[in-house]
Amino acid sequence: MWPEIKTDYERLQDDVKLFLDIQFRDAISDDYRYDIRRAIQDDVVADVVENSNFRKTGYWNKEDIKLAVGRVLIARMGINR
């Protein structure tokens, strides 16, 4: 069988999911972690696509994800900067 070949976008989705899972593991109770990750994951992916070199090169890094998480959470909480 051939190994699954993922697109850059699918790899980004996986990377964001893993990042959120790891970062939230110690910060958020298991009771809420899954729901919070699911609520923001798509927005974080969209932010990385919009604000990194993803569209030009298919490249992103952990810092792009960290910035995206911050921007998404700020927007979701209605914090004015």
# chains A, B, ... in the order shown; residues from 1 in each chain; ligands from 1

call {"tool": "residues_around", "arguments": {"residues": "A:Ala39", "least_positions_apart": "4", "cutoff": "12 Å", "atoms": "only C-alpha atoms", "output": "list in words"}}
result
Lys17, Leu20, Tyr32, Arg33, Tyr34, Asp35, Asp43, Val44, Val45, Val69, Val72, Leu73 and Arg76 of chain A

call {"tool": "residues_around", "arguments": {"residues": "A:Glu50", "least_positions_apart": "2", "cutoff": "12 Å", "atoms": "only C-alpha atoms", "output": "PDB file with N, CA and C atoms, in the first residue's frame"}}
result
ATOM      1  N   ASP A  43     -10.100  28.592  12.753  1.00  0.00           N
ATOM      2  CA  ASP A  43      -9.722  29.999  12.679  1.00  0.00           C
ATOM      3  C   ASP A  43      -8.207  30.173  12.757  1.00  0.00           C
ATOM      4  N   VAL A  44      -7.551  29.357  13.574  1.00  0.00           N
ATOM      5  CA  VAL A  44      -6.094  29.424  13.680  1.00  0.00           C
ATOM      6  C   VAL A  44      -5.461  29.018  12.346  1.00  0.00           C
ATOM      7  N   VAL A  45      -5.948  27.950  11.749  1.00  0.00           N
ATOM      8  CA  VAL A  45      -5.429  27.521  10.446  1.00  0.00           C
ATOM      9  C   VAL A  45      -5.617  28.633   9.418  1.00  0.00           C
ATOM     10  N   ALA A  46      -6.805  29.217   9.379  1.00  0.00           N
ATOM     11  CA  ALA A  46      -7.077  30.292   8.415  1.00  0.00           C
ATOM     12  C   ALA A  46      -6.149  31.481   8.643  1.00  0.00           C
ATOM     13  N   ASP A  47      -5.883  31.810   9.902  1.00  0.00           N
ATOM     14  CA  ASP A  47      -4.987  32.924  10.203  1.00  0.00           C
ATOM     15  C   ASP A  47      -3.569  32.632   9.749  1.00  0.00           C
ATOM     16  N   VAL A  48      -3.097  31.404   9.957  1.00  0.00           N
ATOM     17  CA  VAL A  48      -1.749  31.044   9.502  1.00  0.00           C
ATOM     18  C   VAL A  48      -1.667  31.153   7.981  1.00  0.00           C
ATOM     19  N   SER A  52       1.083  34.137   7.040  1.00  0.00           N
ATOM     20  CA  SER A  52       2.428  33.556   6.946  1.00  0.00           C
ATOM     21  C   SER A  52       2.810  33.441   5.474  1.00  0.00           C
ATOM     22  N   ASN A  53       3.888  32.762   5.213  1.00  0.00           N
ATOM     23  CA  ASN A  53       4.310  32.517   3.826  1.00  0.00           C
ATOM     24  C   ASN A  53       3.630  31.296   3.224  1.00  0.00           C
ATOM     25  N   PHE A  54       2.596  30.803   3.869  1.00  0.00           N
ATOM     26  CA  PHE A  54       1.954  29.575   3.414  1.00  0.00           C
ATOM     27  C   PHE A  54       1.486  29.651   1.963  1.00  0.00           C
ATOM     28  N   ARG A  55       0.825  30.725   1.592  1.00  0.00           N
ATOM     29  CA  ARG A  55       0.284  30.821   0.223  1.00  0.00           C
ATOM     30  C   ARG A  55       1.377  30.868  -0.833  1.00  0.00           C
ATOM     31  N   LYS A  56       2.478  31.516  -0.514  1.00  0.00           N
ATOM     32  CA  LYS A  56       3.566  31.641  -1.492  1.00  0.00           C
ATOM     33  C   LYS A  56       4.444  30.402  -1.550  1.00  0.00           C
ATOM     34  N   GLY A  58       4.083  27.492   0.867  1.00  0.00           N
ATOM     35  CA  GLY A  58       3.617  26.312   1.573  1.00  0.00           C
ATOM     36  C   GLY A  58       4.328  26.125   2.898  1.00  0.00           C
ATOM     37  N   TYR A  59       4.988  27.186   3.372  1.00  0.00           N
ATOM     38  CA  TYR A  59       5.795  27.093   4.581  1.00  0.00           C
ATOM     39  C   TYR A  59       5.147  27.872   5.727  1.00  0.00           C
ATOM     40  N   TRP A  60       5.246  27.329   6.920  1.00  0.00           N
ATOM     41  CA  TRP A  60       4.858  27.999   8.151  1.00  0.00           C
ATOM     42  C   TRP A  60       5.749  27.447   9.244  1.00  0.00           C
ATOM     43  N   ASP A  64       4.436  31.223  13.650  1.00  0.00           N
ATOM     44  CA  ASP A  64       3.226  31.605  12.911  1.00  0.00           C
ATOM     45  C   ASP A  64       1.981  31.094  13.627  1.00  0.00           C
ATOM     46  N   ILE A  65       2.045  29.868  14.124  1.00  0.00           N
ATOM     47  CA  ILE A  65       0.905  29.287  14.835  1.00  0.00           C
ATOM     48  C   ILE A  65       0.680  30.018  16.156  1.00  0.00           C
ATOM     49  N   LEU A  67       1.410  33.117  16.947  1.00  0.00           N
ATOM     50  CA  LEU A  67       0.816  34.415  16.656  1.00  0.00           C
ATOM     51  C   LEU A  67      -0.654  34.273  16.274  1.00  0.00           C
ATOM     52  N   ALA A  68      -0.967  33.267  15.479  1.00  0.00           N
ATOM     53  CA  ALA A  68      -2.344  33.036  15.052  1.00  0.00           C
ATOM     54  C   ALA A  68      -3.242  32.716  16.240  1.00  0.00           C
ATOM     55  N   ARG A  71      -3.973  35.963  18.021  1.00  0.00           N
ATOM     56  CA  ARG A  71      -4.912  36.819  17.280  1.00  0.00           C
ATOM     57  C   ARG A  71      -6.334  36.270  17.351  1.00  0.00           C
TER      58      ARG A  71
END

call {"tool": "atom_distance", "arguments": {"atom1": "atom CA of A:Val49", "atom2": "atom CA of A:Gln13"}}
result
10.3 Å

call {"tool": "atom_distance", "arguments": {"atom1": "atom CA of A:Ile5", "atom2": "atom CA of A:Asn61"}}
result
20.2 Å

call {"tool": "atom_distance", "arguments": {"atom1": "atom CA of A:Phe19", "atom2": "atom CA of A:Asp31"}}
result
18.3 Å

call {"tool": "select_by_dssp", "arguments": {"residues": "chain A", "states": "helix (DSSP H, G or I)", "output": "PyMOL selection string"}}
result
chain A and resi 8-25+30-51+54-57+62-77

call {"tool": "residues_around", "arguments": {"residues": "A:Asp21", "least_positions_apart": "6", "cutoff": "12 Å", "atoms": "only C-alpha atoms", "output": "ChimeraX atom specification"}}
result
/A:14-15,27-30,32-38,40-41

call {"tool": "closest_residue", "arguments": {"among": "A:Asp42, A:Arg25, A:Ala75, A:Asn80", "to": "A:Leu12", "atoms": "only C-alpha atoms"}}
result
A:Asp42
